[in-house]
Amino acid sequence: THEWERSEFLRGALAGFSQATRRVGTDDRKRLSWLLEFVYLSPEKIAQLSASERTQLGFDLAFFASRKPWELPQLEEIAILASEIRNGIEQLQRTTRWVFKLPKDSIVERIIEPRPKRRGGHTRIVGFQSFYTSDDFRTSFLLCAADAVEAEGTRIRVCAQKDCGRMFARHRRARYCSSRCSQKERDFRFRRRLTKTARSERRHRYYKNKMVKQFGKAMEKKVKPRPVRPTTGERS
């Protein structure tokens with residue numbers, strides 16, 4: 001039974017880290033994108049997470065900071081760390097410095113390792129890369145966050161959707177942090193461009209064409225427009 005439980009644990013750990021590799025990413029741009037999602041983690045959002053989501057978050061955090069999942073502090077402390085990093089990045093956006101102090105009793109190491117590249121069925125060393133790590137989780141996480149911001153921080157933008165304001169890592173010509181915000185902005189522009197009557201007529205034409213296509217041309221005269229309810233003013 002003990003061997004079976006250990007094998008189940010190992011399978012779960014491998015699956016968790018495999019998922020974390022895809023979610024967090026291995027290159028600086030993807031790691032920065034994940035970090036900018038993480039910095040909005042609040043105690044309220046943590047409370048809404050299911051048990052499996054909390055477990056996967058632990059693997060994501062451990063993978064990002066190159067630590068073991070059982071070395072993580074409580075998720076409530078993680079939320080405080082997220083807020084600290086968000087404030088630091090916002091300071092950089094205001095062209096000021098982000099200064100964070102590391103615990104005096106933490107050990108900081110700089111690791112230099114070969115950077116391999118596989119090509120034509122062969123692997124060769126194309127250079128070297130270095131990064132900082134620590135025996136303390138908070139220190140290690142802050143160092144990794146600083147590395148990601150330093151490497152790809154020029155991509156950081158604020159979502160152009162007026163009710164959002166979240167930071168995100170820009171890719172190509174993106175102006176919004178998500179497809180949801182992009183769609184919300186398009187909907188807002190659409191409503192602003194057309195009156196309520198014009199929108200109703202547009203929906204009616206779409207529905208009538210759909211019915212004609214599905215049931216034949218005889219439906220064209222049967223589909224009647226609904227009356228537009230009078231309103232005191234258009235919604236902005």
# chains A, B, ... in the order shown; residues from 1 in each chain; ligands from 1

$ residues_around --residues "Arg67 (chain A)" --least-positions-apart "6" --cutoff "10 Å" --atoms "only C-alpha atoms" --output "list in words"
Phe59, Leu61, Thr133, Ser134, Asp135, Asp136, Phe137, Ser140 and Phe141 of chain A

$ write_last_selection --atoms "C-alpha atoms" --output "compact mmCIF listing (two decimals), in the first residue's frame"
# COMPACT_ATOMS: atom_id res chain seq x y z
CA PHE A 59 3.05 23.61 -8.88
CA LEU A 61 4.58 28.83 -8.22
CA THR A 133 18.17 31.49 -6.82
CA SER A 134 17.82 31.21 -3.07
CA ASP A 135 16.98 28.75 -0.32
CA ASP A 136 14.14 31.09 0.71
CA PHE A 137 10.98 30.90 -1.44
CA SER A 140 13.82 33.09 -5.05
CA PHE A 141 10.43 34.19 -6.42

$ residues_around --residues "Lys117 (chain A)" --least-positions-apart "4" --cutoff "10 Å" --atoms "only C-alpha atoms" --output "JSON, numbers by chain"
{"A": [122, 123, 124, 125, 126, 127]}

$ closest_residue --among "A:Lys104, A:Lys162, A:Gln74, A:Ala146" --to "Arg189 (chain A)" --atoms "only C-alpha atoms"
A:Lys162

$ closest_residue --among "A:Arg97, A:Glu90, A:Lys213, A:Lys45" --to "Gly165 (chain A)" --atoms "only C-alpha atoms"
A:Glu90

$ select_by_dssp --residues "region 116-234 of chain A" --states "helix (DSSP H, G or I)" --output "JSON, numbers by chain"
{"A": [137, 138, 139, 140, 141, 142, 143, 144, 145, 146, 147, 148, 149, 150, 151, 152, 153, 154, 155, 179, 180, 181, 182, 183, 184, 185, 186, 187, 188, 189, 190, 191, 192, 193, 196, 197, 198, 199, 200, 201, 202, 203, 204, 205, 206, 207, 208, 209, 210, 211, 212, 213, 214, 215, 217, 218, 219, 220]}

$ write_last_selection --atoms "C-alpha atoms" --output "CSV table (one decimal), in the first residue's frame"
chain,number,residue,atom,x,y,z
A,137,PHE,CA,11.0,30.9,-1.4
A,138,ARG,CA,10.1,34.6,-1.3
A,139,THR,CA,13.7,35.6,-2.2
A,140,SER,CA,13.8,33.1,-5.1
A,141,PHE,CA,10.4,34.2,-6.4
A,142,LEU,CA,11.3,37.9,-6.3
A,143,LEU,CA,14.6,37.2,-8.1
A,144,CYS,CA,12.9,35.2,-10.8
A,145,ALA,CA,10.2,38.0,-11.2
A,146,ALA,CA,13.0,40.6,-11.5
A,147,ASP,CA,14.7,38.5,-14.2
A,148,ALA,CA,11.4,38.2,-16.2
A,149,VAL,CA,10.7,41.9,-16.0
A,150,GLU,CA,14.3,42.8,-16.9
A,151,ALA,CA,14.3,40.5,-19.9
A,152,GLU,CA,10.9,41.4,-21.4
A,153,GLY,CA,9.6,44.3,-19.4
A,154,THR,CA,9.3,46.6,-22.5
A,155,ARG,CA,6.3,44.5,-23.5
A,179,SER,CA,-10.1,38.4,-25.9
A,180,ARG,CA,-12.9,39.2,-23.4
A,181,CYS,CA,-11.7,42.8,-23.1
A,182,SER,CA,-11.2,43.1,-26.8
A,183,GLN,CA,-14.8,41.9,-27.5
A,184,LYS,CA,-16.2,44.2,-24.7
A,185,GLU,CA,-14.5,47.2,-26.4
A,186,ARG,CA,-15.9,46.3,-29.8
A,187,ASP,CA,-19.4,45.9,-28.3
A,188,PHE,CA,-19.1,49.3,-26.7
A,189,ARG,CA,-18.1,50.9,-30.0
A,190,PHE,CA,-20.9,49.2,-31.8
A,191,ARG,CA,-23.5,50.4,-29.3
A,192,ARG,CA,-22.1,53.9,-29.4
A,193,ARG,CA,-22.2,54.0,-33.2
A,196,LYS,CA,-31.2,51.3,-30.2
A,197,THR,CA,-33.6,51.4,-33.1
A,198,ALA,CA,-30.8,50.8,-35.6
A,199,ARG,CA,-29.5,47.8,-33.5
A,200,SER,CA,-33.0,46.4,-33.4
A,201,GLU,CA,-33.3,46.6,-37.2
A,202,ARG,CA,-29.9,45.0,-37.7
A,203,ARG,CA,-30.8,42.1,-35.4
A,204,HIS,CA,-34.1,41.7,-37.3
A,205,ARG,CA,-32.4,41.5,-40.7
A,206,TYR,CA,-30.0,38.9,-39.4
A,207,TYR,CA,-32.8,36.8,-37.9
A,208,LYS,CA,-35.0,37.1,-41.0
A,209,ASN,CA,-32.1,36.1,-43.3
A,210,LYS,CA,-31.5,33.1,-41.1
A,211,MET,CA,-35.1,32.0,-41.2
A,212,VAL,CA,-35.2,32.4,-45.0
A,213,LYS,CA,-32.1,30.4,-45.4
A,214,GLN,CA,-33.4,27.6,-43.1
A,215,PHE,CA,-37.1,27.4,-44.1
A,217,LYS,CA,-38.4,32.5,-49.0
A,218,ALA,CA,-41.9,32.1,-47.7
A,219,MET,CA,-40.7,33.0,-44.2
A,220,GLU,CA,-39.6,36.4,-45.4

$ closest_residue --among "A:Arg54, A:Arg157, A:Arg118, A:Arg172" --to "Arg94 (chain A)" --atoms "only C-alpha atoms"
A:Arg157

$ select_by_dssp --residues "region 30-168 of chain A" --states "strand (DSSP E)" --output "PyMOL selection string"
chain A and resi 108-119+122-134+156-158+167-168

$ residues_around --residues "Leu35 (chain A)" --least-positions-apart "2" --cutoff "10 Å" --atoms "only C-alpha atoms" --output "ChimeraX atom specification"
/A:24,29-33,37-40,61,64,82,85-86,144-145,148-149,168-169

$ atom_distance --atom1 "CA of Glu76 (chain A)" --atom2 "CA of Pro43 (chain A)"
6.1 Å

$ residues_around --residues "region 47-51 of chain A" --least-positions-apart "6" --cutoff "12 Å" --atoms "only C-alpha atoms" --output "list in words"
Leu41, Leu57, Gly58, Leu75, Glu76 and Ala79 of chain A

$ write_last_selection --atoms "all heavy atoms" --output "mmCIF file, in the first residue's frame"
data_model
loop_
_atom_site.group_PDB
_atom_site.id
_atom_site.type_symbol
_atom_site.label_atom_id
_atom_site.label_comp_id
_atom_site.auth_asym_id
_atom_site.auth_seq_id
_atom_site.Cartn_x
_atom_site.Cartn_y
_atom_site.Cartn_z
ATOM 1 N N LEU A 41 -3.531 38.102 -8.110
ATOM 2 C CA LEU A 41 -4.081 37.099 -7.194
ATOM 3 C C LEU A 41 -4.347 37.751 -5.838
ATOM 4 O O LEU A 41 -3.447 38.306 -5.210
ATOM 5 C CB LEU A 41 -3.091 35.940 -7.039
ATOM 6 C CG LEU A 41 -3.550 34.770 -6.180
ATOM 7 C CD1 LEU A 41 -4.680 34.011 -6.864
ATOM 8 C CD2 LEU A 41 -2.381 33.824 -5.896
ATOM 9 N N LEU A 57 -1.879 25.611 -8.669
ATOM 10 C CA LEU A 57 -1.228 26.895 -8.414
ATOM 11 C C LEU A 57 0.084 26.685 -7.675
ATOM 12 O O LEU A 57 1.087 27.358 -7.960
ATOM 13 C CB LEU A 57 -2.156 27.803 -7.611
ATOM 14 C CG LEU A 57 -1.554 29.150 -7.168
ATOM 15 C CD1 LEU A 57 -1.140 29.980 -8.380
ATOM 16 C CD2 LEU A 57 -2.556 29.919 -6.310
ATOM 17 N N GLY A 58 0.089 25.744 -6.741
ATOM 18 C CA GLY A 58 1.323 25.434 -6.017
ATOM 19 C C GLY A 58 2.426 24.945 -6.950
ATOM 20 O O GLY A 58 3.587 25.354 -6.837
ATOM 21 N N LEU A 75 -0.954 30.181 1.081
ATOM 22 C CA LEU A 75 -1.417 30.941 -0.071
ATOM 23 C C LEU A 75 -1.772 32.377 0.298
ATOM 24 O O LEU A 75 -1.713 33.269 -0.548
ATOM 25 C CB LEU A 75 -2.626 30.246 -0.699
ATOM 26 C CG LEU A 75 -2.319 28.975 -1.500
ATOM 27 C CD1 LEU A 75 -3.591 28.392 -2.089
ATOM 28 C CD2 LEU A 75 -1.314 29.262 -2.608
ATOM 29 N N GLU A 76 -2.139 32.612 1.545
ATOM 30 C CA GLU A 76 -2.430 33.980 1.968
ATOM 31 C C GLU A 76 -1.169 34.840 1.881
ATOM 32 O O GLU A 76 -1.219 36.017 1.509
ATOM 33 C CB GLU A 76 -2.982 33.987 3.401
ATOM 34 C CG GLU A 76 -4.403 33.462 3.527
ATOM 35 C CD GLU A 76 -4.511 31.960 3.278
ATOM 36 O OE1 GLU A 76 -3.471 31.264 3.399
ATOM 37 O OE2 GLU A 76 -5.620 31.498 2.957
ATOM 38 N N ALA A 79 -0.504 35.754 -1.715
ATOM 39 C CA ALA A 79 -1.295 36.896 -2.180
ATOM 40 C C ALA A 79 -0.608 38.213 -1.819
ATOM 41 O O ALA A 79 -0.637 39.176 -2.597
ATOM 42 C CB ALA A 79 -2.697 36.836 -1.582
#
